[in-house]
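Here the structure comes first, spelled out in structure tokens, and everything after it is commentary.
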Amino acid sequence: MLSLIGATPLIQLTSIDKDLPFRIFAKLEGFNPGGSIKDRPALNMIKQAMATGKVGPETVIIESSSGNLGIGLAQVCLYFGLRFICVVDPKTTTQNLDIIQVYGAEIEMVSEPDTETGEYLPARLKRVQTLMDKFSDSFWPNQYLNEDNPGAHYKSTFSEIVTELEKAPDYLLGAVSTCGTIMGCAHYNHDHGLETKLIAVDVVGSLIFGGDKKPRLLPGMGASLKSQFLKESLLEEHVHVTDLDCVVGCRRLLRTEAILVGGSSGGVLMALDKIKERIPAGSTCVLIFPDRGERYLDTIYSDNWVAQHFGNVEHLFTGGF
């Protein structure tokens, strides 16, 4: 099963806007067996830890995740017969929690945000440390600091795109949280002398690129702390999108391309919309779509949820850019 991780489809988007003077391709990471791009670092971090002796048969794996990495780790740990405790918070969807548990993992719920920052992420990280102290033989993959996170994308993600296109794309857009995906691709681009312009897509309210902290509705994109992997000199720029942008992007992709994807994918599409006037004719743009949309049926694809948070925005879902 783990051999199915990676080598995900790269398809051209032909209906989102037929009048654009450049080509758009989407890297569909939802085709990984665990349903998201996080399968890649989950496998790489555990395999490298096993190879170096940090993880043995009795080691307890402990990690903080809003959903997708937790699912990826639960799958990998079940395959290798390892105990896994996933530290989550109330923003994690019920469906994601159910999937993590079906894979045999244990859920550790952090019910209150950090008292100093008001964010759940610092509280989750503190709980991870508490659990690490509890188990003498434990391992924290630590997706926020472990170089095997971006290393997974350096090894595979960008090279797959180049191989499929038979050349490097002119632009690559990817959502950020830990920044593992975008920086793994950025280092590959730099080290191999490629000239792709990499654009990071962040959500308003995230602190990755500075700015003011604001509430965020959707999991898996943005962060309440700066990424230790981020090296802005390797990026062309970063673009901020809103939660509503993410919803609109997802709904437009569904209506025009029949693609059901998660919130960060919609955000990446709308980031391209924001910069499209600056993209030269004839360019090739690749958008990384991190996961599938089935896990967002109660939010992004729920008309009631959308109306509750954004009002009547149905008119925004029609058409392309």
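Following the order of the structure tokens, first chain is A, next is B, and so on, with residues numbered from 1 inside each chain and ligands from 1 in the order they appear.
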All residues 10 Å or closer to Lys18 in chain A, only C-alpha atoms, same chain fewer than 4 positions away omitted, as a PDB file with N, CA, C and O atoms, in the first residue's frame:
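Output file part23.pdb is given in full below:
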```
ATOM      1  N   LEU A  13      -5.993  21.770 -16.631  1.00  0.00           N
ATOM      2  CA  LEU A  13      -7.315  22.351 -16.416  1.00  0.00           C
ATOM      3  C   LEU A  13      -7.703  23.107 -17.676  1.00  0.00           C
ATOM      4  O   LEU A  13      -7.065  24.092 -18.039  1.00  0.00           O
ATOM      5  N   THR A  14      -8.744  22.650 -18.340  1.00  0.00           N
ATOM      6  CA  THR A  14      -9.093  23.206 -19.648  1.00  0.00           C
ATOM      7  C   THR A  14     -10.405  23.984 -19.652  1.00  0.00           C
ATOM      8  O   THR A  14     -10.719  24.658 -20.640  1.00  0.00           O
ATOM      9  N   PHE A  22      -2.305  31.266 -21.017  1.00  0.00           N
ATOM     10  CA  PHE A  22      -1.306  30.335 -20.490  1.00  0.00           C
ATOM     11  C   PHE A  22      -1.986  29.038 -20.068  1.00  0.00           C
ATOM     12  O   PHE A  22      -3.197  28.974 -19.905  1.00  0.00           O
ATOM     13  N   ARG A  23      -1.183  27.984 -19.877  1.00  0.00           N
ATOM     14  CA  ARG A  23      -1.713  26.672 -19.506  1.00  0.00           C
ATOM     15  C   ARG A  23      -1.667  26.481 -17.988  1.00  0.00           C
ATOM     16  O   ARG A  23      -0.725  26.930 -17.321  1.00  0.00           O
ATOM     17  N   GLY A 320     -15.360  30.935 -14.466  1.00  0.00           N
ATOM     18  CA  GLY A 320     -13.956  30.746 -14.145  1.00  0.00           C
ATOM     19  C   GLY A 320     -13.402  31.969 -13.452  1.00  0.00           C
ATOM     20  O   GLY A 320     -13.992  32.488 -12.519  1.00  0.00           O
ATOM     21  N   PHE A 321     -12.288  32.479 -13.952  1.00  0.00           N
ATOM     22  CA  PHE A 321     -11.640  33.624 -13.315  1.00  0.00           C
ATOM     23  C   PHE A 321     -12.382  34.908 -13.657  1.00  0.00           C
ATOM     24  O   PHE A 321     -12.969  35.050 -14.697  1.00  0.00           O
TER      25      PHE A 321
END
```
Open item on the list: List the spatial neighbours of range 118-134 of chain A as an NGL selection string - criterion: any atom at most 10 Å away, only C-alpha atoms, same-chain residues fewer than 6 positions off excluded.
Closed with: :A and (60-66 or 85-91 or 108-112 or 140 or 142 or 213 or 215 or 223-225)
- [ ] Step one, run DSSP on the backbone; step two, keep only residues of range 4-110 of chain A assigned to strand (DSSP E or B); then write them as a list in words.
- [x]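 The strand (DSSP E or B) subset of range 4-110 of chain A is Leu10, Ile11, Gln12, Arg23, Ile24, Phe25, Ala26, Lys27, Leu28, Ser36, Val60, Ile61, Ile62, Glu63, Ser64, Arg83, Phe84, Ile85, Cys86, Val87, Val88, Glu106, Ile107, Glu108 and Met109 of chain A.
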Open item on the list: When you count only C-alpha atoms, which of these residues is closest to Asp273 in chain A: A:Leu173, A:Leu194, A:Val306, A:Ile71?
Closed with: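 For Asp273 in chain A, the nearest of the candidates is A:Leu173.
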Task: Top pick for closest residue to Thr181 in chain A, considering A:Pro113, A:Gly311, A:Gly30, A:Pro150 and counting only C-alpha atoms - done: A:Pro150
Open item on the list: Please compute the CA of Ile161 in chain A-CA of Ile300 in chain A distance, one decimal, in Å.
Closed with: 27.9 Å
Open item on the list: As an exercise, work out the distance from CA of Asp39 in chain A to CA of Asp291 in chain A in Å and give it to one decimal place.
Closed with: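 Interatomic distance here is 10.3 Å.
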TODO: Using only C-alpha atoms, find the one residue out of A:Gly282, A:Ile107, A:Asn312, A:Thr117 that sits nearest to Lys214 in chain A.
DONE: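 Among A:Gly282, A:Ile107, A:Asn312, A:Thr117, it is A:Thr117 that comes nearest to Lys214 in chain A.
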Open item on the list: Nearest residue to Pro57 in chain A out of A:Ser138, A:Ala26, A:Val102, A:Phe310, using only C-alpha atoms?
Closed with: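 Once distances to Pro57 in chain A are computed over only C-alpha atoms, the minimum belongs to A:Ser138.
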TODO: May I ask for the distance between CA of Arg40 in chain A and CA of Met221 in chain A, given in Å to one decimal place?
DONE: 17.0 Å
Task: Minimum-distance residue to His309 in chain A, chosen among A:Leu244, A:Ile100, A:Leu145, A:Ala49 (using only C-alpha atoms) - done: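 Among A:Leu244, A:Ile100, A:Leu145, A:Ala49, it is A:Leu244 that comes nearest to His309 in chain A.
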TODO: Any chance you could list, as a ChimeraX atom specification, the residues in range 180-263 of chain A that come up alpha helix (DSSP H) when DSSP is run on the backbone?
DONE: /A:180-191,243-257,263
Selection file, N, CA, C and O atoms, as a compact mmCIF listing (two decimals), in the first residue's frame:
```txt
# COMPACT_ATOMS: atom_id res chain seq x y z
N GLY A 180 6.66 22.74 4.24
CA GLY A 180 7.43 21.59 3.77
C GLY A 180 7.33 21.39 2.27
O GLY A 180 8.34 21.16 1.59
N THR A 181 6.11 21.49 1.74
CA THR A 181 5.92 21.26 0.31
C THR A 181 6.62 22.31 -0.53
O THR A 181 7.43 21.99 -1.41
N ILE A 182 6.33 23.58 -0.28
CA ILE A 182 6.85 24.64 -1.14
C ILE A 182 8.37 24.75 -1.03
O ILE A 182 9.06 24.99 -2.02
N MET A 183 8.92 24.52 0.18
CA MET A 183 10.36 24.66 0.32
C MET A 183 11.11 23.44 -0.20
O MET A 183 12.22 23.57 -0.73
N GLY A 184 10.52 22.25 -0.09
CA GLY A 184 11.14 21.09 -0.71
C GLY A 184 11.25 21.28 -2.21
O GLY A 184 12.29 21.00 -2.83
N CYS A 185 10.17 21.78 -2.81
CA CYS A 185 10.18 22.06 -4.25
C CYS A 185 11.15 23.20 -4.58
O CYS A 185 11.84 23.16 -5.61
N ALA A 186 11.19 24.22 -3.72
CA ALA A 186 12.06 25.37 -3.98
C ALA A 186 13.53 24.98 -3.95
O ALA A 186 14.33 25.43 -4.79
N HIS A 187 13.92 24.15 -3.00
CA HIS A 187 15.31 23.72 -2.94
C HIS A 187 15.67 22.84 -4.13
O HIS A 187 16.79 22.93 -4.66
N TYR A 188 14.74 21.99 -4.55
CA TYR A 188 14.99 21.17 -5.74
C TYR A 188 15.18 22.08 -6.96
O TYR A 188 16.11 21.89 -7.76
N ASN A 189 14.32 23.06 -7.09
CA ASN A 189 14.40 24.02 -8.19
C ASN A 189 15.75 24.73 -8.20
O ASN A 189 16.41 24.84 -9.25
N HIS A 190 16.18 25.17 -7.04
CA HIS A 190 17.45 25.89 -6.91
C HIS A 190 18.65 24.99 -7.19
O HIS A 190 19.55 25.33 -7.97
N ASP A 191 18.66 23.81 -6.56
CA ASP A 191 19.82 22.92 -6.66
C ASP A 191 20.00 22.34 -8.07
O ASP A 191 21.11 21.98 -8.45
N ASP A 243 -10.59 32.93 3.54
CA ASP A 243 -11.38 31.70 3.64
C ASP A 243 -12.43 31.65 2.53
O ASP A 243 -12.69 30.60 1.95
N LEU A 244 -13.03 32.81 2.25
CA LEU A 244 -14.03 32.85 1.18
C LEU A 244 -13.40 32.53 -0.17
O LEU A 244 -14.00 31.81 -0.99
N ASP A 245 -12.20 33.02 -0.41
CA ASP A 245 -11.50 32.67 -1.66
C ASP A 245 -11.38 31.15 -1.79
O ASP A 245 -11.58 30.59 -2.88
N CYS A 246 -11.04 30.49 -0.70
CA CYS A 246 -10.87 29.03 -0.72
C CYS A 246 -12.18 28.35 -1.10
O CYS A 246 -12.20 27.41 -1.91
N VAL A 247 -13.27 28.81 -0.51
CA VAL A 247 -14.58 28.23 -0.82
C VAL A 247 -14.93 28.47 -2.28
O VAL A 247 -15.36 27.56 -3.00
N VAL A 248 -14.76 29.70 -2.74
CA VAL A 248 -15.09 30.05 -4.12
C VAL A 248 -14.26 29.22 -5.10
O VAL A 248 -14.77 28.68 -6.10
N GLY A 249 -12.96 29.11 -4.83
CA GLY A 249 -12.09 28.33 -5.70
C GLY A 249 -12.53 26.87 -5.80
O GLY A 249 -12.55 26.28 -6.89
N CYS A 250 -12.88 26.29 -4.66
CA CYS A 250 -13.33 24.89 -4.65
C CYS A 250 -14.62 24.71 -5.44
O CYS A 250 -14.76 23.78 -6.24
N ARG A 251 -15.56 25.62 -5.22
CA ARG A 251 -16.85 25.51 -5.92
C ARG A 251 -16.68 25.71 -7.43
O ARG A 251 -17.35 25.06 -8.24
N ARG A 252 -15.80 26.62 -7.82
CA ARG A 252 -15.58 26.83 -9.26
C ARG A 252 -14.92 25.62 -9.90
O ARG A 252 -15.25 25.24 -11.03
N LEU A 253 -13.96 25.03 -9.19
CA LEU A 253 -13.31 23.83 -9.73
C LEU A 253 -14.31 22.70 -9.90
O LEU A 253 -14.27 21.95 -10.88
N LEU A 254 -15.22 22.58 -8.95
CA LEU A 254 -16.24 21.53 -9.05
C LEU A 254 -17.16 21.77 -10.23
O LEU A 254 -17.45 20.85 -11.02
N ARG A 255 -17.59 23.01 -10.41
CA ARG A 255 -18.55 23.31 -11.47
C ARG A 255 -17.94 23.29 -12.87
O ARG A 255 -18.60 22.93 -13.83
N THR A 256 -16.68 23.67 -12.97
CA THR A 256 -16.08 23.78 -14.30
C THR A 256 -15.25 22.56 -14.69
O THR A 256 -15.22 22.17 -15.86
N GLU A 257 -14.56 21.96 -13.74
CA GLU A 257 -13.66 20.85 -14.05
C GLU A 257 -14.12 19.52 -13.45
O GLU A 257 -13.48 18.49 -13.68
N GLY A 263 -10.00 22.77 0.82
CA GLY A 263 -9.96 24.22 0.88
C GLY A 263 -8.69 24.87 0.38
O GLY A 263 -8.73 25.89 -0.32
```
Need to verify the contact set: range 31-38 of chain A, 9 Å, only C-alpha atoms, exclusion of same-chain residues closer than 3 positions in sequence. Can you return it as a PDB file with C-alpha atoms, in the first residue's frame?
```pdb
ATOM      1  CA  MET A   1       0.000   0.000   0.000  1.00  0.00           C
ATOM      2  CA  LEU A   2       2.757   2.474   0.878  1.00  0.00           C
ATOM      3  CA  LEU A   4       1.260   3.903  -3.906  1.00  0.00           C
ATOM      4  CA  ILE A   5       2.397   7.101  -2.204  1.00  0.00           C
ATOM      5  CA  GLY A   6       3.591   9.625  -4.784  1.00  0.00           C
ATOM      6  CA  ALA A   7       3.447   9.556  -8.579  1.00  0.00           C
ATOM      7  CA  THR A   8       0.127  11.417  -8.384  1.00  0.00           C
ATOM      8  CA  PRO A   9      -1.652  12.612 -11.555  1.00  0.00           C
ATOM      9  CA  LEU A  28      -3.755  15.993  -7.656  1.00  0.00           C
ATOM     10  CA  PRO A  41       6.300  13.397   4.564  1.00  0.00           C
ATOM     11  CA  ALA A  42       4.532  10.890   6.834  1.00  0.00           C
ATOM     12  CA  LEU A  43       6.238   7.979   5.090  1.00  0.00           C
ATOM     13  CA  ASN A  68      -4.135  15.116   6.915  1.00  0.00           C
ATOM     14  CA  LEU A  69      -0.715  14.394   8.391  1.00  0.00           C
ATOM     15  CA  GLY A  70      -2.450  12.527  11.196  1.00  0.00           C
ATOM     16  CA  ILE A  71      -4.158  10.318   8.638  1.00  0.00           C
ATOM     17  CA  GLY A  72      -0.916   9.781   6.743  1.00  0.00           C
ATOM     18  CA  LEU A  73       0.979   8.863   9.912  1.00  0.00           C
ATOM     19  CA  GLN A  75      -1.675   4.700   7.855  1.00  0.00           C
ATOM     20  CA  ASN A 149       9.267  16.802   5.760  1.00  0.00           C
ATOM     21  CA  THR A 181       5.918  21.255   0.306  1.00  0.00           C
ATOM     22  CA  PHE A 289      -3.884  20.531  -4.906  1.00  0.00           C
ATOM     23  CA  PRO A 290      -3.105  18.934  -1.508  1.00  0.00           C
ATOM     24  CA  ASP A 291      -6.204  16.830  -0.830  1.00  0.00           C
ATOM     25  CA  ARG A 292      -9.653  15.659  -1.862  1.00  0.00           C
TER      26      ARG A 292
END
```
